[in-house]
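input_11.txt (compact mmCIF, C-alpha atoms)
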# COMPACT_ATOMS: atom_id res chain seq x y z
CA GLU R 155 152.94 74.92 -103.33
CA MET R 156 152.39 78.06 -101.24
CA CYS R 157 156.06 78.07 -100.22
CA LYS R 158 157.04 77.80 -103.86
CA GLY R 159 154.73 80.71 -104.64
CA TYR R 160 156.37 82.90 -102.00
CA LEU R 161 159.83 81.98 -103.24
CA ARG R 162 158.88 82.89 -106.79
CA ALA R 163 157.39 86.16 -105.55
CA PHE R 164 160.57 87.16 -103.72
CA ALA R 165 162.69 86.07 -106.66
CA ALA R 166 160.59 88.30 -108.90
CA TYR R 167 160.98 91.22 -106.50
CA PHE R 168 164.78 90.94 -106.41
CA ALA R 169 164.81 90.62 -110.17
CA LEU R 170 162.92 93.92 -110.33
CA VAL R 171 165.49 95.57 -108.08
CA GLN R 172 168.30 94.26 -110.24
CA SER R 173 166.57 95.42 -113.41
CA SER R 174 166.13 98.89 -111.94
CA PHE R 175 169.90 99.20 -111.67
CA SER R 176 170.36 98.34 -115.33
CA LEU R 177 167.47 100.62 -116.23
CA CYS R 178 169.04 103.69 -114.66
CA GLY R 179 172.66 102.75 -115.20
CA SER R 180 173.42 103.68 -111.57
CA PRO R 181 172.24 102.79 -108.06
CA LEU R 182 168.96 104.22 -106.79
CA LYS R 183 169.77 107.32 -104.74
CA PRO R 184 166.72 109.46 -103.89
CA LYS R 185 166.66 110.08 -100.14
CA SER R 186 164.08 108.33 -97.99
CA LEU R 187 163.01 105.99 -100.77
CA GLY R 188 161.95 103.23 -98.42
CA ARG R 189 160.28 100.88 -100.89
CA LEU R 190 161.66 100.55 -104.41
CA VAL R 191 160.99 103.92 -106.03
CA LEU R 192 162.58 104.96 -109.29
CA PRO R 193 164.49 108.26 -109.21
CA LYS R 194 163.33 111.02 -111.52
CA THR R 195 166.37 110.61 -113.76
CA CYS R 196 165.15 107.12 -114.48
CA LEU R 197 161.56 108.18 -115.12
CA ASN R 198 162.83 110.87 -117.47
CA MET R 199 164.08 108.12 -119.76
CA ASN R 200 160.59 108.04 -121.27
CA GLN R 201 161.67 110.97 -123.41
CA SER R 202 163.10 108.36 -125.78
CA ARG R 203 161.11 105.48 -127.20
CA ARG R 204 163.62 102.94 -125.90
CA GLY R 205 163.55 104.49 -122.43
CA GLU R 206 159.75 104.63 -122.45
CA ALA R 207 159.59 100.94 -123.37
CA GLN R 208 162.03 100.03 -120.59
CA VAL R 209 160.13 101.97 -117.93
CA GLU R 210 156.81 100.53 -119.13
CA HIS R 211 158.22 97.00 -119.03
CA PHE R 212 159.61 97.55 -115.53
CA THR R 213 156.35 99.04 -114.24
CA SER R 214 154.04 96.49 -115.86
CA SER R 215 156.14 93.58 -114.60
CA MET R 216 155.22 94.58 -111.05
CA GLY R 217 151.72 93.28 -111.76
CA GLN R 218 153.08 89.77 -112.17
CA ILE R 219 154.68 89.37 -108.76
CA GLN R 220 151.79 87.89 -106.79
CA GLU R 221 150.10 85.64 -109.31
CA ASP R 222 150.82 82.47 -107.34
CA TYR R 223 148.81 83.21 -104.20
CA ASP R 224 145.66 85.05 -103.24
CA VAL R 225 145.75 88.78 -102.52
CA PRO R 226 142.71 90.40 -100.90
CA SER R 227 140.86 93.13 -102.74
CA PRO R 228 141.31 96.66 -101.36
CA MET R 229 137.99 96.56 -99.51
CA GLU R 230 138.84 93.19 -97.97
CA ASP R 231 142.41 94.04 -97.01
CA PRO R 232 142.76 94.03 -93.19
CA SER R 233 145.01 97.10 -93.34
CA LEU R 234 142.33 99.30 -94.93
CA GLN R 235 140.97 100.60 -91.62
CA GLU R 236 144.46 101.70 -90.66
CA VAL R 237 144.75 103.52 -93.98
CA TYR R 238 141.53 105.35 -93.12
CA THR R 239 143.02 106.33 -89.75
CA ILE R 240 146.11 107.73 -91.49
CA VAL R 241 144.03 109.66 -94.01
CA LYS R 242 141.78 111.20 -91.33
CA ALA R 243 144.79 112.10 -89.16
CA ALA R 244 146.49 113.82 -92.11
CA ASP R 245 143.28 115.63 -93.07
CA GLU R 246 142.93 116.93 -89.49
CA ARG R 247 146.22 118.78 -90.05
CA LYS R 248 145.10 120.11 -93.46
CA ALA R 249 147.25 117.84 -95.62
CA GLN R 250 146.66 118.35 -99.33
CA GLY R 251 146.34 115.95 -102.24
CA ILE R 252 145.87 112.85 -100.07
CA THR R 253 146.04 109.71 -102.22
CA ALA R 254 145.88 106.07 -101.11
CA LEU R 255 146.84 103.23 -103.44
CA HIS R 256 146.41 99.50 -102.91
CA VAL R 257 149.61 97.97 -104.32
CA ALA R 258 149.45 94.48 -102.83
CA ARG R 259 149.01 93.01 -106.31
CA ARG R 260 152.08 94.88 -107.56
CA THR R 261 154.70 94.24 -104.89
CA VAL R 262 155.38 91.80 -102.05
CA VAL R 263 156.85 94.59 -99.91
CA THR R 264 153.72 96.47 -98.78
CA SER R 265 149.96 96.61 -99.27
CA PHE R 266 149.17 100.33 -99.34
CA MET R 267 150.90 103.56 -100.33
CA VAL R 268 149.57 106.83 -98.91
CA ILE R 269 150.95 109.98 -100.56
CA LEU R 270 150.20 113.52 -99.40
CA GLU R 271 151.77 116.94 -99.08
CA GLY R 272 152.04 119.93 -96.78
CA THR R 273 153.16 123.45 -97.53
CA SER R 274 155.52 124.21 -94.64
CA ARG R 275 157.91 122.53 -92.24
CA PRO R 276 155.61 123.04 -89.22
CA GLN R 277 152.65 121.64 -91.12
CA ASN R 278 154.51 118.54 -92.28
CA GLN R 279 155.76 118.00 -88.74
CA ALA R 280 152.18 118.35 -87.42
CA ILE R 281 150.85 115.91 -90.03
CA THR R 282 153.55 113.39 -89.15
CA ALA R 283 152.99 113.70 -85.40
CA ASN R 284 149.22 113.33 -85.72
CA ILE R 285 149.48 110.22 -87.89
CA ILE R 286 151.94 108.60 -85.49
CA GLU R 287 149.78 109.48 -82.47
CA LYS R 288 146.48 108.26 -83.96
CA MET R 289 147.99 105.03 -85.29
CA GLU R 290 149.46 104.20 -81.90
CA GLU R 291 146.31 105.16 -79.98
CA THR R 292 143.84 103.44 -82.31
CA HIS R 293 145.75 100.41 -83.58
CA GLY R 294 148.80 100.08 -81.31
CA ARG R 295 151.07 100.53 -84.31
CA ILE R 296 154.67 101.73 -83.91
CA VAL R 297 156.32 103.37 -86.91
CA ARG R 298 159.77 103.50 -88.45
CA GLN R 299 160.39 107.04 -89.66
CA GLN R 300 162.82 108.27 -92.28
CA GLY R 301 163.39 111.91 -93.13
CA THR R 302 162.56 115.14 -91.32
CA PRO R 303 160.50 118.24 -92.12
CA ASP R 304 163.73 119.90 -93.31
CA SER R 305 164.34 117.19 -95.89
CA GLY R 306 161.08 117.81 -97.75
CA TRP R 307 160.14 114.12 -97.61
CA ILE R 308 159.10 112.19 -94.51
CA LEU R 309 158.48 108.47 -94.87
CA LEU R 310 156.47 106.51 -92.28
CA ASP R 311 156.96 102.77 -92.61
CA TYR R 312 154.28 100.59 -91.02
CA GLY R 313 155.29 97.57 -93.07
CA ASP R 314 151.93 96.94 -94.70
CA ILE R 315 151.40 100.69 -95.17
CA ILE R 316 153.97 103.22 -96.40
CA VAL R 317 153.16 106.91 -95.91
CA HIS R 318 154.93 109.63 -97.92
CA ILE R 319 154.63 113.17 -96.50
CA MET R 320 156.16 115.49 -99.08
CA THR R 321 156.46 119.07 -100.25
CA PRO R 322 154.54 119.95 -103.43
CA LYS R 323 157.75 120.14 -105.46
CA SER R 324 159.33 116.97 -104.09
CA ARG R 325 156.09 115.16 -104.83
CA SER R 326 156.06 116.48 -108.38
CA TYR R 327 159.76 115.70 -108.84
CA TYR R 328 159.68 112.06 -107.69
CA ASP R 329 156.20 111.45 -109.12
CA LEU R 330 155.38 108.37 -107.06
CA GLU R 331 151.80 108.23 -108.36
CA THR R 332 153.06 107.62 -111.90
CA PHE R 333 155.40 104.86 -110.78
CA TRP R 334 152.62 103.16 -108.78
CA LYS R 335 149.92 103.94 -111.35
CA ALA R 336 148.97 100.27 -111.59
CA GLY R 337 147.86 100.37 -107.95
CA GLU R 338 144.15 100.51 -107.15
CA LYS R 339 143.09 103.96 -105.96
CA ILE R 340 141.05 104.06 -102.75
CA ASP R 341 137.99 106.30 -102.60
CA LEU R 342 138.62 108.81 -99.81
CA SER R 343 135.80 111.22 -100.60
CA LYS R 344 133.85 110.38 -97.44
CA LEU R 345 136.90 110.82 -95.20
CA ILE R 346 138.38 114.10 -96.36
CA LEU R 347 136.68 117.32 -95.31
CA PRO R 348 136.29 119.97 -98.04
CA ASN R 349 138.85 122.75 -97.90
CA ALA R 350 137.80 126.21 -96.83
CA PRO R 351 137.34 128.64 -99.74
CA MET R 352 140.49 130.42 -100.83
CA PRO R 353 140.71 134.12 -99.83
CA SER R 354 140.24 136.71 -102.57
CA ASN R 355 143.22 138.62 -103.90
CA ASP R 356 142.05 141.72 -102.02
CA ALA R 357 141.80 139.97 -98.66
CA PRO R 358 144.87 139.96 -96.38
CA GLN R 359 146.61 136.59 -96.50
CA VAL R 360 147.63 136.03 -92.92
CA GLY R 361 150.41 133.54 -92.28
CA LYS R 362 151.20 132.88 -95.92
CA SER R 363 154.17 130.55 -95.98
CA LYS R 364 157.41 131.75 -97.52
CA GLU R 365 158.25 128.10 -98.05
CA ALA R 366 155.93 127.97 -101.05
CA VAL R 367 159.07 128.44 -103.14
CA ASP R 368 160.05 125.02 -101.80
CA PRO R 369 162.92 123.37 -103.53
CA PHE R 370 162.47 120.64 -100.94
CA TRP R 371 163.32 123.22 -98.21
CA THR R 372 167.01 122.21 -98.12
Rewritten as structure tokens:
Amino acid sequence: EMCKGYLRAFAAYFALVQSSFSLCGSPLKPKSLGRLVLPKTCLNMNQSRRGEAQVEHFTSSMGQIQEDYDVPSPMEDPSLQEVYTIVKAADERKAQGITALHVARRTVVTSFMVILEGTSRPQNQAITANIIEKMEETHGRIVRQQGTPDSGWILLDYGDIIVHIMTPKSRSYYDLETFWKAGEKIDLSKLILPNAPMPSNDAPQVGKSKEAVDPFWT
């Protein structure tokens, strides 16, 4: 019965991939997607009622993939401690907007999504390097990396955890949080240190990044 459950789960996943092609009318093309992410052109279909219904059907169907076998709760998931390591490593390099979602009940491909952003190429490179270093030191985990600081989107694939290191505008453009909104959000309040107060307008802003204009830095 368990084997049958896994087969049904994978069949459902491939059906979702196939339906995404018909949803968008073209292959999925955003760079460094990694794990089944809808491009913005597809998400923009919600401007029409028909498009909104299609996207909602596609997104909600992800909650039906793993009905046939047990999935641990976020707090019981064995990968949670590694998620905490990733979050703390990113926070050490001043990553912003760190979000962790438990998606194991929505997809058979991974258990957690971690999404965060940096405001410059050097910062995103530092965030990436620190996550890779701490994961290898603490858990012996080796990563598959896609993207570079120049691309505006770095993806770290640990299999059970997918990390997205983005620019503010690429994060807003691809809007992964909306696509994975059915995932269970992990409370990170005890892990993330509060940001230092912003300088006043009269104070000199040393080292202000010119890359704030973004458009994915490419």
For the interface of range 204-306 of chain R with range 323-341 of chain R (cut-off 6 Å, counting all atoms listed in the file), please tabulate each contacting residue of range 204-306 of chain R alongside its nearest pair of atoms and their separation in Å to one decimal, rows sorted by chain and increasing number, as JSON lines.
{"residue": "R:Ala254", "atom": "CA", "partner": "R:Ile340", "partner_atom": "CA", "distance": 5.5}
{"residue": "R:Leu255", "atom": "CA", "partner": "R:Lys339", "partner_atom": "CA", "distance": 4.6}
{"residue": "R:His256", "atom": "CA", "partner": "R:Glu338", "partner_atom": "CA", "distance": 4.9}
{"residue": "R:Val257", "atom": "CA", "partner": "R:Gly337", "partner_atom": "CA", "distance": 4.7}
How would the residues just picked look written out with C-alpha atoms as a compact mmCIF listing (two decimals), in the frame of the given file?
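Contents of selection-v9.txt, freshly written:
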# COMPACT_ATOMS: atom_id res chain seq x y z
CA ALA R 254 145.88 106.07 -101.11
CA LEU R 255 146.84 103.23 -103.44
CA HIS R 256 146.41 99.50 -102.91
CA VAL R 257 149.61 97.97 -104.32
request  = Kindly indicate which residue among R:Thr239, R:Ser343, R:Thr264, R:Gln250 lies nearest to Asp311 in chain R, using only C-alpha atoms for the distances.
outcome  =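 Answer, going by the shortest atom-to-atom distance: R:Thr264.
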Gap from CA of Pro348 in chain R to CA of Arg247 in chain R - Å, one decimal =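 Straight-line distance from CA of Pro348 in chain R to CA of Arg247 in chain R works out to 12.8 Å.
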inquiry  = List as a PyMOL selection string the protein and nucleic acid residues near range 279-285 of chain R, meaning an atom at most 10 Å away when only C-alpha atoms are counted, but skip any in the same chain fewer than 2 places from it.
reply    = chain R and resi 239-249+270-272+274-277+287-291+297+299+302-304+308-310+317-319
task = Measuring atom to atom with only C-alpha atoms, identify which of R:Thr321, R:Ser227, R:Thr253, R:Ser305 is nearest to Thr273 in chain R.
result = R:Thr321
key: Given all atoms listed in the file as the counted atoms, nearest of R:Met267, R:Glu230, R:Glu236, R:Gln300 to Ile252 in chain R   =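 Closest to Ile252 in chain R of all the choices is R:Met267.
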key: Proximity to Val268 in chain R - best of R:Ile296, R:Ile316, R:Val225, R:Leu234, only C-alpha atoms   =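 Smallest distance to Val268 in chain R is found for R:Ile316.
For the residues R:His293, R:Asn278, R:Gly301, R:Pro322, ranking by smallest atom-to-atom distance to Tyr238 in chain R using only C-alpha atoms places R:His293 first.
Across the structure, CA of Ile315 in chain R and CA of Val263 in chain R are spaced 9.5 Å apart.
From CA of Gly313 in chain R back to CA of Pro226 in chain R, the distance works out to 16.5 Å.
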